[in-house]
Amino acid sequence: MKHSIGDLRCMKQAIAVFAICAYLLPYLPGHSQTAESLKADMDRLERVPGYASDTAYLNKGNELGFILAESSPDSAIRFLDIQLQLCREANYKTGEAEALKIYGNALQNKGDFIGSIEYYTSALAIAKGLEGEVLVPGILNNIGLVNYNLGNYAEALNTFYEAIKGADQTKNSNVKAAALNNIALIYFELDKLDDAKEKYREMLAIYQVVGNQGRVILAYNNIGDVELKQKRPMEALKNLKIAYQSAMELESPEFIEMTSRTLADIYSELDSTEKAEQLYLQSISMSQANGYGVPYAHSLIGLAGLYYKNGKAEEALDLGKQGLAQAETMAQPMLMRNANELLSRIYEDQGNFEEALKSFQLFKSYNDSINTSHSQRLTASLEAEYEFSKRAMEYERASLRQRWVIFSACAGLVAFLIVLFVEFRNKKNLDKAYHALQEKTNEIASKNEALEKALSQLKAAQAQLIQAEKMASLGELTAGIAHEIQNPLNFVTNFSELSTELIQEIQQERAKKPEEQDPQLLDEILSDIQVNMGKIAQHGKRADSIVKGMLEHSRASTGEKVQTDVKNLINECLRLSFHGMRARDKTFSADFETELQADLPQVNLVAQDISRLLLNLCNNAFYACANPDFRRENPEVKPKVKVTAKIEKDGKSKEWLKISVTDNGPGIPQSIIGKIFQPFFTTKPAGHGTGLGLSLSYDIAKAHGGELDVKSVLGEFTTFTVFLPV
Amino acid sequence: MKILVVDDERDVEALFRQKFRKEIRNEGLELLFAFSGKEALEILEKNNPPQVASVFSDINMPGMSGLEMLDIIKDRFPQLRVNMISAYGDADNYRKAMRSGARGFYTKPVDFESLRREIGEILRS
Ligand SMILES: [Mg+2]
């Protein structure tokens, strides 16, 4: 089973530093005092008069508050309200900052992220006023975690880097390691795997020096997990063997479970079925016994996937269902996605198409929401990264300057002594150091410039690509438009010539003697002329609306929604697309039909954008069913495109306009169906498509608050469905 | 004498009926219309040999194109005269039509005088 974004919530752990001075949450419960023993200590201290202003008593209170915040956030909040008041009355600033931070932890555990930020910010303000600012980096790390939980990755990264800066200054390696882990976690989710690995390695080095065995295991486990995602299972195996071995030595069920789960994933990837099975079973029984909810779901689904791979469909189905239920309980979208994907395959193999479809639809919807949030995060991180590189360099520059001050002070002192002996050598040394600094500054400046240039180039390229796609699709259309205009113009010409001829006939008839004239013929001709004038007007309007439509398409979208006749829009797009294909490819032939709900209402939408979307879908559909290879192999299939439109209500009785475009072409293989909405993905030969059509169509649907969906069966059909809110 | 006109544009019927008013009235010309290749084949297949002297067909139509229809007609009724009418007077379409046994090839907008000559010839034969 492949590791994916959501798995990490169980695979990797965000590390918070809940510190009283340098106190770090240890993994072995024995290391810290229990709530009971803390209460006993406090009861004892309360017997001494004036206990409420004793810092030892207040520190114990914070320790108890911390444990409560983890186990029972509600009672922690009641307790901390009093604790805060005591610290303030005693004017014990360190204790107050600590209590505010723990308050933030309790709120975070309750899911009140906004509230927790408020408390952390107050804690930070006090901590910054304290000598040495020792509490600052830990608080920053916790603020970063809130942002991470809120999905504000850019903000989170900034804060974690600030925390590292502070940890360097206060020499707090525990906070530094925790922040490194959290940064790596974000990089992992953003698919920046090399960066993630580098941060984990830095974290590993720190924990090895500090001698925190649990965290060393975590680091090895996470590095292995990154390597597995990088498709380097052999390297991953090496790291996980170290991690598993240490976890066994430490006899910690949490770490044994975690490492056996990752090992199982690796063995599954390596097709070592027996080992993978045994390790998954171990993880399952340990998670179940200890109540590790997310790992339990992960391993159930992992084992189900393993069984499915090895042809044990019944067992796979059973485990997959259990895994899905567990993933739902724990609200893990990625695991729910993976479980539904697996279940839909199993159902399909068993011929249970109804269930297969249900699971597939669920898979698709989780997949969509994961992909959407993933791409939003990527965009944010691109901008954030640019910000950091600037900040990181400023920091580097500042610390260099600081070092330079210290160095030159020392050098000055030494120089004063040495100058008496070797004046010359001293000068040379100083020069060298100065030049080194100068070089470093220049290097930073040029790096900065290069980055800024790269960013602006990237932005320009993106704008160009969008314009190129628009022009390419307009080019594809011109042939269709030419044909569409040619026909009405021919009619205008024909009917007006005809009318001229008819008038001549009237004149000829009138030239005859009255008794030879045929009044019936005259009436007939006159009524024909009237019909012809109507036809001329009608075809003139037809050409007019085509030209207007074309202008509409080439103009930049105003983004303004107007009441639009959907039936007209669909018919126009379908005909334009059809004639465009026919005009560009003489051998092209296909049929099309529409099935439009009779009383389709007017819908409020950006007509240019939706027509672009529909044209893309129609063009793709015609392109697919005219595929020459497919037609050669299936001569009995008549290529056909069908467009349907209707209004549908969803579960919340909200109304949606549903437009489907179906072709009976070769279909889309499962292996690429997940990629077709990605920018630059195209199956057309080079030069035949920009690969942006579907991706822009997807964006248009989303911008309307709608959805774009695809279903396909190989060798049978492909249907794209767009849902737009009414 | 029946002539079948095939075109997906319905107004072609009004156009032809007026253009050939005299021939219809005085020379016994009867015009039949079909709006797709499929419909045309149905009309032709009612009788064998078909009661139609000649077919004039558009090329660019949804579904079966005029050229596909030409191949089918030539296969089933090799004797039937078929003339093609296309909006694109390109060499490709022309060669294809001629190779498949079309009698004539007209481009749109149609020059009705040459069409009238052709129909006159059919009427006299
Ligand atoms: Mg046509």
# chains A, B, ... in the order shown; residues from 1 in each chain; ligands from 1

$ select_by_dssp --residues "chain B" --states "strand (DSSP E or B)" --output "list of chain:residue names"
B:Lys2, B:Ile3, B:Leu4, B:Val5, B:Val6, B:Glu30, B:Leu31, B:Leu32, B:Phe33, B:Ala34, B:Ser54, B:Val55, B:Phe56, B:Ser57, B:Asp58, B:Arg81, B:Val82, B:Asn83, B:Met84, B:Ile85, B:Ser86, B:Gly104, B:Phe105, B:Tyr106, B:Thr107

$ write_last_selection --atoms "C-alpha atoms" --output "mmCIF file, in the first residue's frame"
data_model
loop_
_atom_site.group_PDB
_atom_site.id
_atom_site.type_symbol
_atom_site.label_atom_id
_atom_site.label_comp_id
_atom_site.auth_asym_id
_atom_site.auth_seq_id
_atom_site.Cartn_x
_atom_site.Cartn_y
_atom_site.Cartn_z
ATOM 1 C CA LYS B 2 -38.144 12.241 -59.430
ATOM 2 C CA ILE B 3 -35.008 13.879 -58.116
ATOM 3 C CA LEU B 4 -33.876 13.444 -54.517
ATOM 4 C CA VAL B 5 -32.131 16.335 -52.742
ATOM 5 C CA VAL B 6 -30.218 15.525 -49.542
ATOM 6 C CA GLU B 30 -40.883 15.992 -58.893
ATOM 7 C CA LEU B 31 -38.526 16.944 -56.026
ATOM 8 C CA LEU B 32 -38.057 14.711 -52.983
ATOM 9 C CA PHE B 33 -36.108 15.883 -49.906
ATOM 10 C CA ALA B 34 -34.172 14.043 -47.264
ATOM 11 C CA SER B 54 -30.856 11.321 -59.731
ATOM 12 C CA VAL B 55 -29.606 12.352 -56.301
ATOM 13 C CA PHE B 56 -28.084 15.726 -55.300
ATOM 14 C CA SER B 57 -26.429 15.512 -51.926
ATOM 15 C CA ASP B 58 -24.665 17.784 -49.479
ATOM 16 C CA ARG B 81 -26.635 9.174 -60.820
ATOM 17 C CA VAL B 82 -25.350 10.986 -57.744
ATOM 18 C CA ASN B 83 -24.125 14.594 -57.668
ATOM 19 C CA MET B 84 -22.303 16.011 -54.688
ATOM 20 C CA ILE B 85 -22.656 19.534 -53.306
ATOM 21 C CA SER B 86 -20.091 20.804 -50.826
ATOM 22 C CA GLY B 104 -20.876 15.876 -60.748
ATOM 23 C CA PHE B 105 -19.453 18.053 -58.034
ATOM 24 C CA TYR B 106 -20.966 21.457 -57.149
ATOM 25 C CA THR B 107 -19.677 23.961 -54.624
#

$ select_by_dssp --residues "segment 48-87 of chain A" --states "alpha helix (DSSP H)" --output "PyMOL selection string"
chain A and resi 55-71+73-87

$ atom_distance --atom1 "atom CA of Val547 of chain A" --atom2 "atom CA of Ser577 of chain A"
14.9 Å

$ residues_near_ligand --ligand "ligand 1" --cutoff "6 Å" --atoms "only C-alpha atoms and all ligand atoms" --output "JSON, numbers by chain"
{"B": [7, 8, 58, 60, 61]}

$ write_last_selection --atoms "all heavy atoms" --output "PDB file, in the first residue's frame"
ATOM      1  N   ASP B   7     -29.866  17.223 -47.822  1.00  0.00           N
ATOM      2  CA  ASP B   7     -29.112  18.294 -47.148  1.00  0.00           C
ATOM      3  C   ASP B   7     -29.647  18.423 -45.728  1.00  0.00           C
ATOM      4  O   ASP B   7     -30.847  18.263 -45.505  1.00  0.00           O
ATOM      5  CB  ASP B   7     -29.287  19.633 -47.895  1.00  0.00           C
ATOM      6  CG  ASP B   7     -28.190  20.625 -47.500  1.00  0.00           C
ATOM      7  OD1 ASP B   7     -27.981  20.825 -46.288  1.00  0.00           O
ATOM      8  OD2 ASP B   7     -27.550  21.175 -48.420  1.00  0.00           O
ATOM      9  N   ASP B   8     -28.745  18.686 -44.767  1.00  0.00           N
ATOM     10  CA  ASP B   8     -29.226  18.814 -43.391  1.00  0.00           C
ATOM     11  C   ASP B   8     -29.869  20.175 -43.126  1.00  0.00           C
ATOM     12  O   ASP B   8     -30.471  20.393 -42.085  1.00  0.00           O
ATOM     13  CB  ASP B   8     -28.097  18.550 -42.374  1.00  0.00           C
ATOM     14  CG  ASP B   8     -26.936  19.500 -42.544  1.00  0.00           C
ATOM     15  OD1 ASP B   8     -26.577  19.810 -43.701  1.00  0.00           O
ATOM     16  OD2 ASP B   8     -26.375  19.939 -41.526  1.00  0.00           O
ATOM     17  N   ASP B  58     -25.632  17.027 -50.267  1.00  0.00           N
ATOM     18  CA  ASP B  58     -24.665  17.784 -49.479  1.00  0.00           C
ATOM     19  C   ASP B  58     -23.627  16.799 -48.926  1.00  0.00           C
ATOM     20  O   ASP B  58     -23.908  15.604 -48.787  1.00  0.00           O
ATOM     21  CB  ASP B  58     -25.442  18.452 -48.327  1.00  0.00           C
ATOM     22  CG  ASP B  58     -24.567  19.294 -47.428  1.00  0.00           C
ATOM     23  OD1 ASP B  58     -23.529  19.803 -47.903  1.00  0.00           O
ATOM     24  OD2 ASP B  58     -24.922  19.446 -46.239  1.00  0.00           O
ATOM     25  N   ASN B  60     -21.407  17.727 -46.084  1.00  0.00           N
ATOM     26  CA  ASN B  60     -21.216  17.955 -44.657  1.00  0.00           C
ATOM     27  C   ASN B  60     -22.525  17.866 -43.883  1.00  0.00           C
ATOM     28  O   ASN B  60     -23.304  18.806 -43.839  1.00  0.00           O
ATOM     29  CB  ASN B  60     -20.595  19.349 -44.493  1.00  0.00           C
ATOM     30  CG  ASN B  60     -19.985  19.501 -43.126  1.00  0.00           C
ATOM     31  OD1 ASN B  60     -20.130  18.616 -42.289  1.00  0.00           O
ATOM     32  ND2 ASN B  60     -19.314  20.605 -42.916  1.00  0.00           N
ATOM     33  N   MET B  61     -22.765  16.691 -43.297  1.00  0.00           N
ATOM     34  CA  MET B  61     -23.997  16.497 -42.518  1.00  0.00           C
ATOM     35  C   MET B  61     -23.654  15.705 -41.260  1.00  0.00           C
ATOM     36  O   MET B  61     -22.753  14.880 -41.277  1.00  0.00           O
ATOM     37  CB  MET B  61     -25.011  15.682 -43.343  1.00  0.00           C
ATOM     38  CG  MET B  61     -25.489  16.383 -44.603  1.00  0.00           C
ATOM     39  SD  MET B  61     -26.698  15.392 -45.473  1.00  0.00           S
ATOM     40  CE  MET B  61     -25.691  14.086 -46.141  1.00  0.00           C
TER      41      MET B  61
END

$ interface_residues --of "chain B" --to "chain A" --cutoff "8 Å" --atoms "only C-alpha atoms" --output "ChimeraX atom specification"
/B:15,18-19,60,62-65,87,92-93,108-109

$ write_last_selection --atoms "C-alpha atoms" --output "PDB file, in the first residue's frame"
ATOM      1  CA  LEU B  15     -34.918  27.202 -52.255  1.00  0.00           C
ATOM      2  CA  GLN B  18     -38.801  28.043 -56.049  1.00  0.00           C
ATOM      3  CA  LYS B  19     -35.746  27.748 -58.288  1.00  0.00           C
ATOM      4  CA  ASN B  60     -21.216  17.955 -44.657  1.00  0.00           C
ATOM      5  CA  PRO B  62     -24.143  15.133 -38.973  1.00  0.00           C
ATOM      6  CA  GLY B  63     -24.125  11.368 -38.734  1.00  0.00           C
ATOM      7  CA  MET B  64     -23.506   9.772 -42.091  1.00  0.00           C
ATOM      8  CA  SER B  65     -21.613  12.192 -44.316  1.00  0.00           C
ATOM      9  CA  ALA B  87     -19.370  23.999 -48.965  1.00  0.00           C
ATOM     10  CA  ASP B  92      -9.650  16.229 -51.348  1.00  0.00           C
ATOM     11  CA  ASN B  93     -13.427  16.055 -51.275  1.00  0.00           C
ATOM     12  CA  LYS B 108     -21.814  26.162 -52.424  1.00  0.00           C
ATOM     13  CA  PRO B 109     -23.174  28.708 -53.043  1.00  0.00           C
TER      14      PRO B 109
END

$ residues_around --residues "Asn182 of chain A" --least-positions-apart "2" --cutoff "8 Å" --atoms "only C-alpha atoms" --output "ChimeraX atom specification"
/A:14-15,145,160,178-180,184-186

$ write_last_selection --atoms "C-alpha atoms" --output "mmCIF file, in the first residue's frame"
data_model
loop_
_atom_site.group_PDB
_atom_site.id
_atom_site.type_symbol
_atom_site.label_atom_id
_atom_site.label_comp_id
_atom_site.auth_asym_id
_atom_site.auth_seq_id
_atom_site.Cartn_x
_atom_site.Cartn_y
_atom_site.Cartn_z
ATOM 1 C CA ALA A 14 3.640 16.565 15.043
ATOM 2 C CA ILE A 15 5.775 17.393 18.035
ATOM 3 C CA LEU A 145 1.319 23.649 15.061
ATOM 4 C CA PHE A 160 8.608 27.025 12.707
ATOM 5 C CA ALA A 178 10.705 19.505 17.294
ATOM 6 C CA ALA A 179 10.421 22.398 14.850
ATOM 7 C CA LEU A 180 12.589 20.551 12.307
ATOM 8 C CA ALA A 184 9.658 18.046 7.548
ATOM 9 C CA LEU A 185 6.059 16.993 8.100
ATOM 10 C CA ILE A 186 4.835 19.903 5.992
#

$ residues_around --residues "segment 327-344 of chain A" --least-positions-apart "4" --cutoff "7 Å" --atoms "only C-alpha atoms" --output "PyMOL selection string"
chain A and resi 5-7+293-294+297-298+301+305+317+320+323+348+356-357+359-360+362-363+366-367

$ write_last_selection --atoms "N, CA, C and O atoms" --output "short mmCIF file (atom, residue, chain, number, x, y, z; two decimals), in the first residue's frame"
data_model
loop_
_atom_site.label_atom_id
_atom_site.label_comp_id
_atom_site.auth_asym_id
_atom_site.auth_seq_id
_atom_site.Cartn_x
_atom_site.Cartn_y
_atom_site.Cartn_z
N ILE A 5 -0.75 11.30 1.69
CA ILE A 5 -0.73 12.46 2.58
C ILE A 5 -1.38 12.18 3.94
O ILE A 5 -0.79 12.44 4.97
N GLY A 6 -2.58 11.65 3.90
CA GLY A 6 -3.32 11.52 5.15
C GLY A 6 -2.75 10.48 6.08
O GLY A 6 -2.91 10.58 7.28
N ASP A 7 -2.05 9.48 5.50
CA ASP A 7 -1.50 8.44 6.35
C ASP A 7 -0.58 9.01 7.40
O ASP A 7 -0.38 8.43 8.45
N GLY A 293 -6.19 4.61 17.34
CA GLY A 293 -7.27 4.56 16.34
C GLY A 293 -6.81 4.66 14.91
O GLY A 293 -7.19 3.87 14.05
N VAL A 294 -5.98 5.67 14.60
CA VAL A 294 -5.58 5.88 13.22
C VAL A 294 -4.66 4.76 12.72
O VAL A 294 -4.87 4.21 11.64
N ALA A 297 -6.70 1.73 11.73
CA ALA A 297 -7.33 1.84 10.41
C ALA A 297 -6.30 1.64 9.31
O ALA A 297 -6.52 0.92 8.34
N HIS A 298 -5.13 2.26 9.48
CA HIS A 298 -4.08 2.18 8.45
C HIS A 298 -3.71 0.73 8.18
O HIS A 298 -3.65 0.28 7.03
N ILE A 301 -6.43 -1.49 6.48
CA ILE A 301 -6.54 -1.22 5.04
C ILE A 301 -5.30 -1.74 4.32
O ILE A 301 -5.38 -2.32 3.24
N GLY A 305 -5.27 -4.53 1.40
CA GLY A 305 -4.63 -4.33 0.09
C GLY A 305 -3.68 -5.47 -0.23
O GLY A 305 -3.62 -5.96 -1.36
N LEU A 317 -11.97 -8.09 1.39
CA LEU A 317 -13.23 -7.36 1.48
C LEU A 317 -13.60 -7.12 2.95
O LEU A 317 -13.94 -6.02 3.36
N GLY A 320 -11.12 -4.70 4.52
CA GLY A 320 -11.29 -3.38 3.90
C GLY A 320 -12.49 -2.66 4.51
O GLY A 320 -12.43 -1.48 4.82
N GLY A 323 -11.62 -1.61 8.00
CA GLY A 323 -10.68 -0.48 7.92
C GLY A 323 -11.41 0.81 7.59
O GLY A 323 -11.13 1.85 8.17
N GLU A 348 -15.92 -4.77 -7.99
CA GLU A 348 -15.95 -4.87 -9.44
C GLU A 348 -15.55 -6.28 -9.88
O GLU A 348 -16.18 -6.89 -10.72
N ALA A 356 -19.71 -1.46 -6.27
CA ALA A 356 -18.46 -0.95 -6.84
C ALA A 356 -18.63 0.52 -7.19
O ALA A 356 -17.76 1.34 -6.91
N LEU A 357 -19.77 0.84 -7.77
CA LEU A 357 -20.03 2.23 -8.16
C LEU A 357 -20.10 3.13 -6.93
O LEU A 357 -19.51 4.20 -6.89
N SER A 359 -18.72 2.69 -3.98
CA SER A 359 -17.39 2.89 -3.41
C SER A 359 -16.58 3.81 -4.30
O SER A 359 -15.84 4.66 -3.81
N PHE A 360 -16.74 3.62 -5.60
CA PHE A 360 -15.93 4.44 -6.51
C PHE A 360 -16.31 5.92 -6.38
O PHE A 360 -15.44 6.78 -6.37
N LEU A 362 -17.46 7.40 -3.75
CA LEU A 362 -16.88 7.91 -2.49
C LEU A 362 -15.39 8.17 -2.68
O LEU A 362 -14.85 9.20 -2.28
N PHE A 363 -14.71 7.18 -3.31
CA PHE A 363 -13.28 7.34 -3.57
C PHE A 363 -13.02 8.65 -4.33
O PHE A 363 -12.17 9.44 -3.97
N TYR A 366 -13.52 11.86 -2.16
CA TYR A 366 -12.40 12.12 -1.24
C TYR A 366 -11.17 12.55 -2.02
O TYR A 366 -10.44 13.46 -1.64
N ASN A 367 -10.96 11.86 -3.13
CA ASN A 367 -9.78 12.16 -3.95
C ASN A 367 -9.80 13.60 -4.42
O ASN A 367 -8.81 14.31 -4.34
#

$ atom_distance --atom1 "atom CA of Lys199 of chain A" --atom2 "atom CA of Tyr120 of chain A"
25.3 Å

$ residues_around --residues "Asn47 of chain B" --least-positions-apart "6" --cutoff "12 Å" --atoms "only C-alpha atoms" --output "list in words"
Leu41, Arg76 and Phe77 of chain B

$ residues_around --residues "Pro78 of chain B" --least-positions-apart "5" --cutoff "12 Å" --atoms "only C-alpha atoms" --output "PyMOL selection string"
chain B and resi 48-50+54+70-73+100-103

$ residues_around --residues "Thr564 of chain A" --least-positions-apart "6" --cutoff "7 Å" --atoms "only C-alpha atoms" --output "NGL selection string"
:A and (602-605 or 607)

$ write_last_selection --atoms "N, CA, C and O atoms" --output "short mmCIF file (atom, residue, chain, number, x, y, z; two decimals), in the first residue's frame"
data_model
loop_
_atom_site.label_atom_id
_atom_site.label_comp_id
_atom_site.auth_asym_id
_atom_site.auth_seq_id
_atom_site.Cartn_x
_atom_site.Cartn_y
_atom_site.Cartn_z
N GLN A 602 -33.62 29.34 -17.21
CA GLN A 602 -32.43 30.16 -17.43
C GLN A 602 -31.54 30.02 -16.20
O GLN A 602 -32.04 29.94 -15.09
N VAL A 603 -30.22 29.99 -16.41
CA VAL A 603 -29.32 29.81 -15.28
C VAL A 603 -28.33 30.97 -15.25
O VAL A 603 -27.88 31.43 -16.29
N ASN A 604 -28.01 31.40 -14.03
CA ASN A 604 -27.10 32.52 -13.85
C ASN A 604 -25.67 32.03 -13.93
O ASN A 604 -25.21 31.31 -13.05
N LEU A 605 -24.97 32.35 -15.03
CA LEU A 605 -23.59 31.87 -15.15
C LEU A 605 -22.76 32.78 -16.06
O LEU A 605 -23.31 33.62 -16.78
N ALA A 607 -21.28 33.15 -19.18
CA ALA A 607 -21.51 32.40 -20.41
C ALA A 607 -20.22 32.09 -21.16
O ALA A 607 -20.04 30.98 -21.66
#

$ atom_distance --atom1 "atom CA of Asp599 of chain A" --atom2 "atom CA of Ile647 of chain A"
9.4 Å
